[in-house]
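Student: So here's protein-v1.csv, just CSV, C-alpha atoms and all ligand atoms:
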```csv
chain,number,residue,atom,x,y,z
A,14,MET,CA,32.8,-89.4,290.1
A,15,ASN,CA,32.0,-92.7,288.5
A,16,SER,CA,28.5,-94.1,288.6
A,17,SER,CA,29.5,-97.6,287.5
A,18,TYR,CA,32.0,-98.0,290.4
A,19,ASN,CA,31.9,-101.6,291.5
A,20,GLY,CA,35.1,-102.0,293.5
A,21,GLN,CA,36.6,-104.9,291.5
A,22,MET,CA,40.2,-103.9,290.7
A,23,LYS,CA,41.3,-104.6,287.2
A,24,VAL,CA,45.0,-105.5,287.0
A,25,PHE,CA,46.9,-104.9,283.7
A,26,PHE,CA,50.2,-106.5,282.8
A,27,ASN,CA,51.9,-107.6,279.5
A,28,PRO,CA,55.3,-109.3,279.6
A,29,ASP,CA,56.2,-107.7,276.2
A,30,ALA,CA,56.3,-104.3,278.0
A,31,LEU,CA,58.9,-105.3,280.6
A,32,LEU,CA,61.8,-102.9,280.2
A,33,GLY,CA,64.5,-105.7,280.7
A,34,LEU,CA,67.2,-103.1,281.4
A,35,PRO,CA,70.0,-105.6,281.9
A,36,ALA,CA,69.6,-106.7,278.3
A,37,TYR,CA,70.6,-103.2,277.3
A,38,GLY,CA,73.6,-103.3,279.6
A,39,ILE,CA,71.9,-101.1,282.2
A,40,GLN,CA,72.6,-102.2,285.8
A,41,ILE,CA,69.9,-100.5,287.9
A,42,PRO,CA,68.4,-102.5,290.6
A,43,MET,CA,65.0,-101.6,289.1
A,44,THR,CA,64.4,-105.2,288.3
A,45,ASP,CA,61.4,-106.5,286.5
A,46,GLY,CA,61.7,-109.2,289.2
A,47,ARG,CA,59.3,-107.3,291.5
A,48,ILE,CA,56.7,-107.3,288.8
A,49,LEU,CA,57.1,-111.0,288.0
A,50,LYS,CA,56.8,-111.8,291.7
A,51,ILE,CA,53.5,-109.9,291.9
A,52,VAL,CA,52.2,-111.6,288.8
A,53,GLU,CA,53.2,-115.0,290.4
A,54,TYR,CA,51.3,-114.0,293.6
A,55,LEU,CA,48.2,-113.0,291.7
A,56,ASN,CA,48.4,-116.2,289.6
A,57,GLN,CA,48.5,-118.3,292.7
A,58,ARG,CA,45.3,-116.7,293.8
A,59,ASN,CA,43.7,-117.1,290.4
A,60,TYR,CA,43.3,-113.4,290.2
A,61,PRO,CA,42.6,-112.3,286.6
A,62,ILE,CA,45.2,-110.2,284.8
A,63,ILE,CA,44.4,-108.2,281.7
A,64,SER,CA,47.1,-108.5,279.1
A,65,ASN,CA,45.4,-108.0,275.7
A,66,TYR,CA,45.4,-104.2,275.7
A,67,LEU,CA,48.5,-103.3,273.6
A,68,SER,CA,46.8,-103.3,270.3
A,69,SER,CA,43.5,-101.8,271.5
A,70,PHE,CA,44.5,-98.2,270.7
A,71,GLU,CA,47.3,-96.2,269.0
A,72,LEU,CA,49.8,-94.1,271.0
A,73,SER,CA,50.7,-91.3,268.6
A,74,ARG,CA,53.3,-88.5,268.7
A,75,HIS,CA,50.4,-86.1,269.3
A,76,ASP,CA,49.7,-87.9,272.6
A,77,LEU,CA,53.3,-87.3,273.7
A,78,ALA,CA,53.2,-83.7,272.4
A,79,ARG,CA,50.5,-82.7,274.8
A,80,VAL,CA,53.2,-83.2,277.5
A,81,HIS,CA,56.7,-83.1,276.0
A,82,SER,CA,58.4,-80.3,274.0
A,83,GLU,CA,58.9,-80.6,270.2
A,84,ASP,CA,62.7,-80.3,270.7
A,85,TYR,CA,62.7,-83.3,273.0
A,86,LEU,CA,60.4,-85.4,270.7
A,87,ASN,CA,62.7,-84.6,267.8
A,88,GLN,CA,65.5,-86.1,269.8
A,89,LEU,CA,63.4,-89.1,270.9
A,90,PHE,CA,62.5,-89.8,267.3
A,91,GLY,CA,65.8,-88.6,265.9
A,92,THR,CA,69.0,-90.2,264.7
A,93,LYS,CA,70.5,-93.2,266.5
A,94,GLU,CA,73.1,-90.8,268.0
A,95,ASP,CA,70.4,-88.5,269.3
A,96,ILE,CA,68.5,-91.3,270.9
A,97,ILE,CA,71.5,-92.9,272.5
A,98,LYS,CA,72.5,-89.6,274.0
A,99,MET,CA,68.9,-89.1,275.4
A,100,VAL,CA,68.8,-92.7,276.9
A,101,ALA,CA,72.2,-92.3,278.5
A,102,SER,CA,71.2,-89.1,280.1
A,103,THR,CA,67.8,-90.4,281.3
A,104,PHE,CA,69.3,-93.4,282.9
A,105,GLU,CA,72.5,-91.5,284.1
A,106,LEU,CA,74.8,-93.9,282.3
A,107,ILE,CA,77.7,-91.6,281.7
A,108,ASN,CA,79.6,-89.7,284.4
A,109,SER,CA,80.9,-86.1,283.8
A,110,ASP,CA,84.4,-87.5,283.2
A,111,GLY,CA,83.1,-89.8,280.4
A,112,THR,CA,83.3,-93.1,282.4
A,113,TYR,CA,80.3,-95.4,282.5
A,114,ASN,CA,77.9,-95.4,285.5
A,115,ARG,CA,75.9,-98.7,286.0
A,116,TYR,CA,76.4,-99.4,282.3
A,117,THR,CA,78.2,-102.3,280.8
A,118,PRO,CA,77.7,-102.2,277.0
A,119,LYS,CA,79.7,-105.5,276.6
A,120,THR,CA,76.9,-107.4,278.4
A,121,ALA,CA,74.1,-105.8,276.2
A,122,SER,CA,72.0,-107.9,273.8
A,123,TYR,CA,70.3,-104.8,272.5
A,124,SER,CA,71.3,-101.3,271.5
A,125,LEU,CA,70.2,-98.5,273.8
A,126,GLU,CA,68.0,-96.9,271.2
A,127,GLU,CA,65.8,-100.0,271.1
A,128,LEU,CA,64.7,-99.1,274.6
A,129,VAL,CA,62.4,-96.3,273.3
A,130,SER,CA,59.8,-98.8,271.9
A,131,LYS,CA,59.8,-100.6,275.2
A,132,VAL,CA,59.1,-97.4,277.1
A,133,LEU,CA,56.2,-96.6,274.7
A,134,LEU,CA,54.7,-100.0,275.5
A,135,GLN,CA,54.9,-99.2,279.2
A,136,ILE,CA,53.1,-96.0,278.6
A,137,LYS,CA,50.3,-97.8,276.8
A,138,GLY,CA,49.8,-99.9,279.9
A,139,THR,CA,49.3,-96.9,282.1
A,140,MET,CA,46.9,-95.5,279.5
A,141,ALA,CA,44.8,-98.6,279.1
A,142,SER,CA,44.6,-99.3,282.8
A,143,ALA,CA,43.5,-95.7,283.6
A,144,ARG,CA,40.9,-95.8,280.9
A,145,GLU,CA,39.5,-98.9,282.5
A,146,ALA,CA,39.4,-97.3,285.9
A,147,LEU,CA,36.9,-94.7,284.5
A,148,ILE,CA,34.6,-97.6,283.5
A,149,SER,CA,34.9,-100.0,286.5
A,150,GLY,CA,36.3,-97.8,289.3
A,151,GLU,CA,39.7,-99.3,290.1
A,152,SER,CA,42.6,-100.4,288.1
A,153,TYR,CA,46.3,-101.2,288.6
A,154,TYR,CA,49.0,-101.3,286.0
A,155,LEU,CA,52.0,-103.4,286.9
A,156,GLY,CA,54.6,-101.0,285.5
A,157,GLY,CA,54.8,-97.2,284.7
A,158,GLY,CA,55.1,-94.3,287.1
A,159,TYR,CA,57.8,-92.3,285.3
A,160,HIS,CA,57.2,-89.2,287.3
A,161,HIS,CA,60.7,-87.5,286.9
A,162,ALA,CA,60.3,-87.1,283.1
A,163,MET,CA,60.0,-83.3,282.3
A,164,SER,CA,58.7,-81.3,279.4
A,165,PHE,CA,62.2,-80.9,278.0
A,166,GLY,CA,63.7,-84.3,278.7
A,167,GLY,CA,64.1,-87.6,280.5
A,168,ARG,CA,65.5,-87.8,284.0
A,169,GLY,CA,65.9,-90.2,286.9
A,170,PHE,CA,65.3,-93.4,284.9
A,171,CYS,CA,62.1,-91.8,283.4
A,172,MET,CA,62.1,-91.2,279.7
A,173,LEU,CA,58.5,-90.0,279.1
A,174,ASN,CA,56.0,-89.0,281.8
A,175,ASP,CA,53.3,-91.7,281.4
A,176,VAL,CA,51.2,-90.3,284.2
A,177,VAL,CA,50.7,-86.9,282.6
A,178,ILE,CA,50.5,-88.3,279.1
A,179,THR,CA,47.7,-90.5,280.3
A,180,ALA,CA,45.9,-87.6,282.1
A,181,ARG,CA,46.0,-85.4,279.1
A,182,TRP,CA,45.0,-88.2,276.7
A,183,LEU,CA,41.9,-89.0,278.8
A,184,GLN,CA,41.0,-85.3,278.9
A,185,HIS,CA,41.5,-85.1,275.1
A,186,LEU,CA,39.2,-88.0,274.6
A,187,GLY,CA,36.6,-86.3,276.8
A,188,LEU,CA,36.7,-89.2,279.2
A,189,ALA,CA,37.8,-87.1,282.2
A,190,ARG,CA,37.8,-83.4,283.0
A,191,LYS,CA,39.5,-83.2,286.3
A,192,ILE,CA,42.3,-85.5,287.5
A,193,TRP,CA,44.3,-85.9,290.7
A,194,ILE,CA,47.8,-87.3,290.7
A,195,ILE,CA,48.7,-88.6,294.2
A,196,ASP,CA,52.5,-89.5,294.3
A,197,VAL,CA,53.8,-91.4,297.3
A,198,ASP,CA,57.1,-92.5,295.8
A,199,ALA,CA,60.1,-91.6,298.0
A,200,HIS,CA,61.3,-89.1,295.4
A,201,LYS,CA,59.5,-85.9,294.7
A,202,GLY,CA,57.2,-86.1,291.6
A,203,ASP,CA,59.1,-83.3,290.1
A,204,GLY,CA,58.4,-84.0,286.4
A,205,THR,CA,54.7,-84.2,287.1
A,206,ALA,CA,54.8,-80.9,289.0
A,207,GLU,CA,56.7,-79.2,286.2
A,208,LEU,CA,54.4,-80.5,283.5
A,209,THR,CA,51.1,-79.6,285.3
A,210,PHE,CA,52.1,-76.3,286.8
A,211,GLY,CA,49.4,-73.8,286.2
A,212,ASP,CA,46.9,-76.4,284.9
A,213,ASP,CA,44.1,-76.5,287.5
A,214,SER,CA,42.5,-79.5,285.7
A,215,ILE,CA,45.2,-81.7,287.0
A,216,ARG,CA,45.9,-81.4,290.8
A,217,THR,CA,49.0,-83.0,292.2
A,218,LEU,CA,50.1,-84.2,295.6
A,219,SER,CA,53.6,-85.4,296.3
A,220,ILE,CA,54.9,-86.7,299.6
A,221,HIS,CA,58.6,-87.4,299.5
A,222,MET,CA,62.0,-87.1,301.1
A,223,GLU,CA,62.6,-83.5,301.9
A,224,LYS,CA,66.3,-83.7,300.9
A,225,GLY,CA,68.4,-85.9,298.6
A,226,TRP,CA,67.7,-86.5,294.9
A,227,PRO,CA,66.2,-84.6,293.0
A,228,LEU,CA,66.3,-81.8,295.5
A,229,ASP,CA,70.1,-81.8,296.1
A,230,SER,CA,71.3,-79.9,293.1
A,231,GLY,CA,71.1,-76.3,291.8
A,232,THR,CA,69.1,-73.4,293.2
A,233,SER,CA,65.4,-73.3,293.9
A,234,GLN,CA,65.1,-71.9,290.4
A,235,GLU,CA,65.7,-75.3,288.9
A,236,PRO,CA,62.5,-76.9,287.4
A,237,TRP,CA,62.7,-79.9,289.8
A,238,PHE,CA,61.9,-77.5,292.7
A,239,ILE,CA,58.5,-76.5,291.1
A,240,SER,CA,55.9,-77.3,293.8
A,241,SER,CA,53.1,-79.8,293.5
A,242,ASP,CA,49.7,-78.4,294.5
A,243,VAL,CA,50.1,-80.2,297.7
A,244,GLU,CA,53.8,-80.7,298.5
A,245,ILE,CA,54.9,-82.6,301.6
A,246,GLY,CA,58.6,-83.0,302.4
A,247,ILE,CA,59.5,-85.6,305.1
A,248,ALA,CA,62.8,-85.0,306.8
A,249,ALA,CA,65.0,-87.9,307.7
A,250,GLY,CA,64.0,-89.3,311.1
A,251,GLU,CA,60.5,-87.8,310.9
A,252,GLU,CA,58.8,-91.0,309.6
A,253,ASN,CA,56.5,-91.0,312.7
A,254,PHE,CA,54.7,-88.0,311.1
A,255,TYR,CA,54.4,-89.5,307.7
A,256,LEU,CA,50.9,-91.0,307.9
A,257,LYS,CA,49.4,-87.9,309.6
A,258,LYS,CA,51.0,-85.6,307.0
A,259,LEU,CA,49.7,-87.7,304.2
A,260,GLU,CA,46.2,-87.7,305.6
A,261,GLU,CA,46.3,-83.9,306.0
A,262,GLY,CA,47.6,-83.6,302.5
A,263,LEU,CA,44.7,-85.6,301.1
A,264,HIS,CA,42.3,-83.3,302.8
A,265,SER,CA,44.2,-80.2,301.5
A,266,LEU,CA,43.9,-81.7,298.0
A,267,LYS,CA,40.2,-82.1,298.4
A,268,LYS,CA,39.8,-78.4,299.5
A,269,LEU,CA,41.5,-77.0,296.4
A,270,ASP,CA,38.3,-77.3,294.3
A,271,GLN,CA,34.6,-77.6,294.7
A,272,GLU,CA,34.3,-80.8,292.8
A,273,TYR,CA,35.9,-84.2,293.2
A,274,PRO,CA,38.0,-85.4,290.2
A,275,ASP,CA,36.9,-88.0,287.6
A,276,LEU,CA,40.0,-90.0,288.3
A,277,ALA,CA,42.9,-90.2,290.7
A,278,ILE,CA,46.2,-91.6,289.4
A,279,VAL,CA,48.2,-93.0,292.3
A,280,VAL,CA,52.0,-93.2,291.8
A,281,GLN,CA,52.6,-95.9,294.3
A,282,GLY,CA,56.4,-96.1,294.5
A,283,SER,CA,57.6,-98.7,297.1
A,284,ASP,CA,61.0,-97.0,297.6
A,285,PRO,CA,60.1,-95.4,301.0
A,286,TYR,CA,60.2,-99.0,302.3
A,287,GLU,CA,63.0,-99.5,304.8
A,288,LYS,CA,64.2,-102.6,302.9
A,289,ASP,CA,64.5,-100.7,299.5
A,290,GLN,CA,68.0,-101.1,298.1
A,291,LEU,CA,68.5,-97.9,296.1
A,292,PRO,CA,71.0,-95.7,298.0
A,293,SER,CA,69.2,-92.5,296.9
A,294,SER,CA,65.9,-93.5,298.6
A,295,GLY,CA,67.6,-94.1,302.0
A,296,LEU,CA,66.5,-90.9,303.7
A,297,LEU,CA,63.0,-92.2,304.1
A,298,LYS,CA,62.5,-95.6,305.9
A,299,LEU,CA,59.0,-96.8,306.5
A,300,SER,CA,58.3,-100.2,307.9
A,301,LYS,CA,56.2,-102.8,306.0
A,302,GLU,CA,53.2,-102.0,308.3
A,303,GLU,CA,53.6,-98.3,307.7
A,304,MET,CA,53.8,-98.9,303.9
A,305,LEU,CA,50.5,-100.8,304.1
A,306,GLN,CA,48.9,-98.0,306.2
A,307,ARG,CA,50.1,-95.5,303.6
A,308,ASP,CA,48.5,-97.5,300.7
A,309,LEU,CA,45.2,-98.2,302.5
A,310,LEU,CA,44.9,-94.6,303.6
A,311,VAL,CA,45.0,-93.4,300.0
A,312,TYR,CA,42.9,-96.3,298.7
A,313,ASN,CA,40.1,-95.8,301.3
A,314,PHE,CA,40.2,-92.0,301.0
A,315,LEU,CA,39.4,-92.4,297.3
A,316,LYS,CA,37.0,-95.3,297.7
A,317,GLU,CA,34.9,-93.6,300.4
A,318,ARG,CA,34.4,-90.7,298.0
A,319,LYS,CA,33.7,-92.9,295.1
A,320,ILE,CA,36.6,-91.4,293.1
A,321,SER,CA,37.8,-93.8,290.4
A,322,GLN,CA,41.4,-94.8,291.1
A,323,THR,CA,44.2,-96.2,289.0
A,324,TYR,CA,47.7,-97.2,290.1
A,325,VAL,CA,51.2,-97.3,288.6
A,326,MET,CA,54.2,-98.8,290.3
A,327,ALA,CA,57.0,-96.1,290.0
A,328,GLY,CA,60.2,-96.7,292.1
A,329,GLY,CA,61.0,-99.8,294.1
A,330,TYR,CA,64.4,-101.3,294.1
A,331,GLY,CA,65.9,-104.6,295.1
A,332,GLU,CA,64.7,-108.0,296.1
A,333,PHE,CA,62.2,-106.9,298.7
A,334,ALA,CA,60.3,-104.3,296.7
A,335,TYR,CA,57.6,-106.7,295.7
A,336,GLU,CA,56.5,-107.2,299.3
A,337,VAL,CA,54.9,-103.7,299.5
A,338,TYR,CA,52.7,-104.3,296.5
A,339,CYS,CA,51.7,-107.8,297.6
A,340,GLU,CA,50.7,-106.6,301.0
A,341,PHE,CA,48.5,-104.0,299.4
A,342,PHE,CA,46.9,-106.5,297.0
A,343,SER,CA,46.4,-109.0,299.8
A,344,ASN,CA,44.3,-106.4,301.7
A,345,ILE,CA,42.2,-105.0,298.8
A,346,LEU,CA,41.6,-107.8,296.3
A,401,ZN,ZN,61.5,-93.1,293.7
```
Mind converting the file's structure to structure tokens?
Ligand SMILES: [Zn+2]

Tutor:
Amino acid sequence: MNSSYNGQMKVFFNPDALLGLPAYGIQIPMTDGRILKIVEYLNQRNYPIISNYLSSFELSRHDLARVHSEDYLNQLFGTKEDIIKMVASTFELINSDGTYNRYTPKTASYSLEELVSKVLLQIKGTMASAREALISGESYYLGGGYHHAMSFGGRGFCMLNDVVITARWLQHLGLARKIWIIDVDAHKGDGTAELTFGDDSIRTLSIHMEKGWPLDSGTSQEPWFISSDVEIGIAAGEENFYLKKLEEGLHSLKKLDQEYPDLAIVVQGSDPYEKDQLPSSGLLKLSKEEMLQRDLLVYNFLKERKISQTYVMAGGYGEFAYEVYCEFFSNIL
């Protein structure tokens, strides 16, 4: 619990950290457009945005090694070939028959391996923003939320798990002991669950589509089936129960330990929104009003208990994704 909690949310964003996937030939509707629209929205309201954080600390390989395996980091910092293979697999750019998937190298201005440094800048945003939440109570990073990245590799557009990297970094610095990760993205926070399994200092809640990616391949022995501490699957057509189940889930999280955490990291994917345009998020369709209720439920639950809270954006695809975040900001700022 944070004694200096003052309820003024600090928003972090630096345009240098935008991934800019189309410039690498990657055609995923994970546009930076939603972020720029939110920035425009905040600018119109003269809401301050913190952008001078990138040089305020170093992100080292040690910080990544608290989360990801040595083999994986050797690949990430390896030869050009190693890196390109890793990026292609993380962003699902090559089909099993060798053809390209959502990838047009001819349109690329940059080589795939240059994307690694962009991802590292993204991770710094999550870290800087979370550190600030421990001082002032609330923060939001306009980026991040790579919850599918696992100990052994990148998956589902997520190269490195910024959420767990940040949690372990804050613990290493002695700034936080206990941390909650509350993941309301449409897809299960499988990387986060795998990385924190057996670590009671980081408690996880994930509410997500019960079926579909990543739960549609392999047996239950696969690492993406590892359960979060509080795991809530929502079946297609059961959206009416979503808010009630989320509320019950938050209370279950609270009951796991005697103490409240020092920080909650909210992985606020907007892809459960009915107007989201990624086919693989189509099994969960919440209205704009339900999305706002979702976000206020989490926000107020934490605020009422004076738990410091920091947000990352995670999934949200297509031209309407920004609406969910702007609705949230319009209600809390
Ligand atoms: Zn998602």

Student: Let me make sure I understand: among A:Tyr312, A:Tyr273, A:Tyr286, A:Phe165, which one has the smallest atom-to-atom distance to ligand ZN 401 (chain A) if we use all atoms listed in the file?

Tutor: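 Looking only at the distances to ligand ZN 401 (chain A), the closest residue turns out to be A:Tyr286.
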
Student: Do you have, as JSON lines, the list of residues of chain A lying at most 6 Å from ligand ZN 401 (chain A), each with its nearest atom pair and that distance in Å to one decimal, counting only C-alpha atoms and all ligand atoms and ordered by chain then number?

Tutor:
```
{"residue": "A:Asp198", "atom": "CA", "partner": "A:ZN401", "partner_atom": "ZN", "distance": 4.9}
{"residue": "A:Ala199", "atom": "CA", "partner": "A:ZN401", "partner_atom": "ZN", "distance": 4.8}
{"residue": "A:His200", "atom": "CA", "partner": "A:ZN401", "partner_atom": "ZN", "distance": 4.4}
{"residue": "A:Gly282", "atom": "CA", "partner": "A:ZN401", "partner_atom": "ZN", "distance": 6.0}
{"residue": "A:Asp284", "atom": "CA", "partner": "A:ZN401", "partner_atom": "ZN", "distance": 5.5}
{"residue": "A:Gly328", "atom": "CA", "partner": "A:ZN401", "partner_atom": "ZN", "distance": 4.1}
```

Student: Taking (56.4, -104.3, 308.4) in the coordinates of the supplied file, I want to know which residues reach to within 12 Å of it, counting all atoms listed in the file; could you give the answer as a list in words?

Tutor: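 Every polymer residue passing the test: Tyr286, Glu287, Lys288, Lys298, Leu299, Ser300, Lys301, Glu302, Glu303, Met304, Leu305, Gln306, Arg307, Phe333, Glu336, Val337, Glu340 and Phe341 of chain A.
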
Student: Could you dump the residues just selected with C-alpha atoms as a short mmCIF file (atom, residue, chain, number, x, y, z; two decimals), in the frame of the given file?

Tutor:
```cif
data_model
loop_
_atom_site.label_atom_id
_atom_site.label_comp_id
_atom_site.auth_asym_id
_atom_site.auth_seq_id
_atom_site.Cartn_x
_atom_site.Cartn_y
_atom_site.Cartn_z
CA TYR A 286 60.20 -99.00 302.30
CA GLU A 287 63.00 -99.50 304.80
CA LYS A 288 64.20 -102.60 302.90
CA LYS A 298 62.50 -95.60 305.90
CA LEU A 299 59.00 -96.80 306.50
CA SER A 300 58.30 -100.20 307.90
CA LYS A 301 56.20 -102.80 306.00
CA GLU A 302 53.20 -102.00 308.30
CA GLU A 303 53.60 -98.30 307.70
CA MET A 304 53.80 -98.90 303.90
CA LEU A 305 50.50 -100.80 304.10
CA GLN A 306 48.90 -98.00 306.20
CA ARG A 307 50.10 -95.50 303.60
CA PHE A 333 62.20 -106.90 298.70
CA GLU A 336 56.50 -107.20 299.30
CA VAL A 337 54.90 -103.70 299.50
CA GLU A 340 50.70 -106.60 301.00
CA PHE A 341 48.50 -104.00 299.40
#
```

Student: Could you check how far CA of Asn313 in chain A sits from CA of Leu263 in chain A, in Å to one decimal?

Tutor: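 According to the coordinates, CA of Asn313 in chain A and CA of Leu263 in chain A are separated by 11.2 Å.
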
Student: CA of Ser321 in chain A and CA of Leu276 in chain A are how many Å apart?

Tutor: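 Spanning CA of Ser321 in chain A to CA of Leu276 in chain A is a straight-line distance of 4.9 Å.
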
Student: So the first atom is CA of Ala206 in chain A and the second is CA of Leu228 in chain A; what is the distance between them in Å, to one decimal place?

Tutor: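 CA of Leu228 in chain A lies 13.2 Å from CA of Ala206 in chain A.
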
Student: If we count all atoms listed in the file, what is near Ser69 in chain A at a cut-off of 12 Å, once residues fewer than 5 positions away on the same chain are taken out, given as a ChimeraX atom specification?

Tutor: /A:64,137-138,140-142,144

Student: Have a look at A:Gly158, A:Gly204, A:Gly250, A:Pro227 and name the one nearest to Val80 in chain A; count all atoms listed in the file.

Tutor: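 The answer is A:Gly204, which sits nearest to Val80 in chain A.
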
Student: Report as a VMD selection string all protein, DNA and RNA residues lying within 7 Å of range 123-130 of chain A, evaluated on all atoms listed in the file, omitting residues in the same chain fewer than 5 positions from it.

Tutor: chain A and resid 36 to 37 93 96 to 97 100

Student: Just checking: using all atoms listed in the file, which residue out of A:Glu235, A:Asp229, A:Asp175, A:Glu260 ends up closest to Asp308 in chain A?

Tutor: A:Glu260

Student: Which of these, A:Arg216, A:His161, A:His75, A:His221, has the shortest distance to Thr103 in chain A once you count all atoms listed in the file?

Tutor: A:His161

Student: Applying 7 Å and all atoms listed in the file, which residues near Glu223 in chain A remain after dropping the ones on its own chain fewer than 6 positions away? List them as a PyMOL selection string.

Tutor: chain A and resi 246-248

Student: Considering only C-alpha atoms, can you say which of A:Asp203, A:Gly150, A:Asp289, A:Gly231 comes closest to Ala277 in chain A?

Tutor: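 Going through A:Asp203, A:Gly150, A:Asp289, A:Gly231 one by one, the smallest distance to Ala277 in chain A is for A:Gly150.
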
Student: Residues within 8 Å of Ser164 in chain A, please, as a list in words. Count all atoms listed in the file; anything in the same chain fewer than 5 positions from it doesn't count.

Tutor: Val80, His81, Ser82, Tyr85, Gly204, Glu207 and Leu208 of chain A

Student: Show me, as number ranges by chain, the residues that have an atom within 6 Å of Glu151 in chain A when counting all atoms listed in the file, minus same-chain residues fewer than 3 positions from it.

Tutor: A: 22, 146, 321-323

Student: For Thr117 in chain A, which residue among A:Ile148, A:Ile41, A:Leu256, A:Leu32 is the nearest when counting all atoms listed in the file?

Tutor: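 Checking each candidate against Thr117 in chain A, we get A:Ile41 as the closest.
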